[in-house]
Amino acid sequence: MIIVLVEGNGDARSLPVLFSKSKGTNFEIECVDMKGKSNIIRKDDGFEKTILRKNDLGNSEFALLLDGDVMEPYKSLVEEKDDMTARAANLSQEKNISVRVFWAIREYESWLVGGLRSGDRFCGLTKAIKGPPGDTEAAPIDPKEWIKSHRTDNRYDPDIQVCLTQRIDIGLAKQRNSSLRKIIDEL
């Protein structure tokens, strides 16, 4: 079983659905809601403590899923990627476990937008969707806002994230977002 540390409740509920769609129901994944990216990347009390607790319970394969936004203490995504990858590699070597880091570029919702087709009308999508761009890592700039703007009630929450994950075209989403392809191919 792979333990994946994620930023929030929507990711924790949606990622198993996404992997079930792409890899089948035999793929075992457990998501840990870290209640915010800051709780994962924190230097002295971040993902390492959670992984060590889960390792004490017998788990040895871990992944982190982070949105492609940048938070303190990092100044750029490159700096965040370099440091988080190094921290994961250090923990992997120190404890003889697997810890891999993945980024959803721009964010998990970019994957959802990438799996939509022109005219889709599910999960409250009732405003005309002309189709997302071919590369959802480049646009829309704010995928959550894009989704909200295409819903009748202009709302977004973890339930919508789960619903969209269940309904999107996963093949199309992988074509439009290389960070989604990467996590599916490498986990």
# chains A, B, ... in the order shown; residues from 1 in each chain; ligands from 1

$ residues_around --residues "A:Asp33" --least-positions-apart "5" --cutoff "6 Å" --atoms "only C-alpha atoms" --output "number ranges by chain"
A: 6-9, 12

$ write_last_selection --atoms "C-alpha atoms" --output "PDB file, in the first residue's frame"
ATOM      1  CA  VAL A   6      -1.958  15.483   0.538  1.00  0.00           C
ATOM      2  CA  GLU A   7      -2.796  19.103   1.267  1.00  0.00           C
ATOM      3  CA  GLY A   8      -6.488  18.786   2.076  1.00  0.00           C
ATOM      4  CA  ASN A   9      -9.699  16.830   2.446  1.00  0.00           C
ATOM      5  CA  ALA A  12      -7.600  12.899   0.267  1.00  0.00           C
TER       6      ALA A  12
END

$ residues_around --residues "stretch 49-65 of chain A" --least-positions-apart "4" --cutoff "7 Å" --atoms "only C-alpha atoms" --output "PyMOL selection string"
chain A and resi 1-6+45+97-104

$ closest_atom_pairs --of "stretch 17-109 of chain A" --to "stretch 151-173 of chain A" --cutoff "9 Å" --atoms "only C-alpha atoms" --output "CSV"
residue,atom,partner,partner_atom,distance
A:Val17,CA,A:Gln166,CA,6.4
A:Leu18,CA,A:Thr165,CA,6.1
A:Lys21,CA,A:Ile170,CA,7.3
A:Ser22,CA,A:Ile170,CA,6.8
A:Tyr108,CA,A:Gln161,CA,8.9
A:Glu109,CA,A:Gln161,CA,7.6

$ select_by_dssp --residues "stretch 88-172 of chain A" --states "alpha helix (DSSP H)" --output "PyMOL selection string"
chain A and resi 88-95+108-114+143-149+158-167+170-172

$ select_by_dssp --residues "stretch 48-146 of chain A" --states "strand (DSSP E)" --output "list of chain:residue names"
A:Glu61, A:Phe62, A:Ala63, A:Leu64, A:Leu65, A:Leu66, A:Asp67, A:Ser98, A:Val99, A:Arg100, A:Val101, A:Phe102, A:Trp103, A:Ala104

$ closest_atom_pairs --of "stretch 11-125 of chain A" --to "stretch 131-137 of chain A" --cutoff "8 Å" --atoms "only C-alpha atoms" --output "tab-separated table"
residue	atom	partner	partner_atom	distance
A:Ile105	CA	A:Glu137	CA	5.3
A:Arg106	CA	A:Glu137	CA	5.5
A:Ser110	CA	A:Thr136	CA	5.6
A:Trp111	CA	A:Thr136	CA	7.2
A:Val113	CA	A:Pro132	CA	6.4
A:Gly114	CA	A:Thr136	CA	5.7
A:Leu116	CA	A:Gly131	CA	6.9
A:Arg117	CA	A:Gly131	CA	5.4
A:Ser118	CA	A:Gly131	CA	4.2
A:Gly119	CA	A:Gly131	CA	7.5

$ residues_around --residues "A:Asp185" --least-positions-apart "2" --cutoff "12 Å" --atoms "only C-alpha atoms" --output "number ranges by chain"
A: 19, 22-23, 102, 174, 178-183, 187

$ residues_around --residues "A:His150" --least-positions-apart "2" --cutoff "8 Å" --atoms "only C-alpha atoms" --output "list in words"
Leu125, Thr126, Lys127, Ala128, Ile129, Trp146, Ile147, Lys148, Thr152 and Asn154 of chain A

$ write_last_selection --atoms "C-alpha atoms" --output "PDB file, in the first residue's frame"
ATOM      1  CA  LEU A 125     -21.372  22.300 -14.558  1.00  0.00           C
ATOM      2  CA  THR A 126     -24.196  24.015 -16.374  1.00  0.00           C
ATOM      3  CA  LYS A 127     -22.575  27.071 -17.880  1.00  0.00           C
ATOM      4  CA  ALA A 128     -21.285  26.593 -21.393  1.00  0.00           C
ATOM      5  CA  ILE A 129     -17.900  24.890 -21.406  1.00  0.00           C
ATOM      6  CA  TRP A 146     -12.404  28.423 -13.632  1.00  0.00           C
ATOM      7  CA  ILE A 147     -14.499  25.530 -12.308  1.00  0.00           C
ATOM      8  CA  LYS A 148     -16.551  27.868 -10.090  1.00  0.00           C
ATOM      9  CA  THR A 152     -24.525  27.535 -11.729  1.00  0.00           C
ATOM     10  CA  ASN A 154     -20.319  29.588  -8.544  1.00  0.00           C
TER      11      ASN A 154
END

$ residues_around --residues "A:Glu48" --least-positions-apart "5" --cutoff "10 Å" --atoms "only C-alpha atoms" --output "list in words"
Ile40, Ile41, Arg42, Lys43, Arg53, Lys54, Arg87, Ala88, Leu91 and Val99 of chain A

$ closest_residue --among "A:Met34, A:Glu72, A:Gly115, A:Leu66" --to "A:Gln175" --atoms "only C-alpha atoms"
A:Gly115

$ closest_residue --among "A:Ala86, A:Val78, A:Leu112, A:Ala138" --to "A:Ser14" --atoms "only C-alpha atoms"
A:Leu112

$ atom_distance --atom1 "atom CA of A:Cys31" --atom2 "atom CA of A:Gly10"
10.5 Å
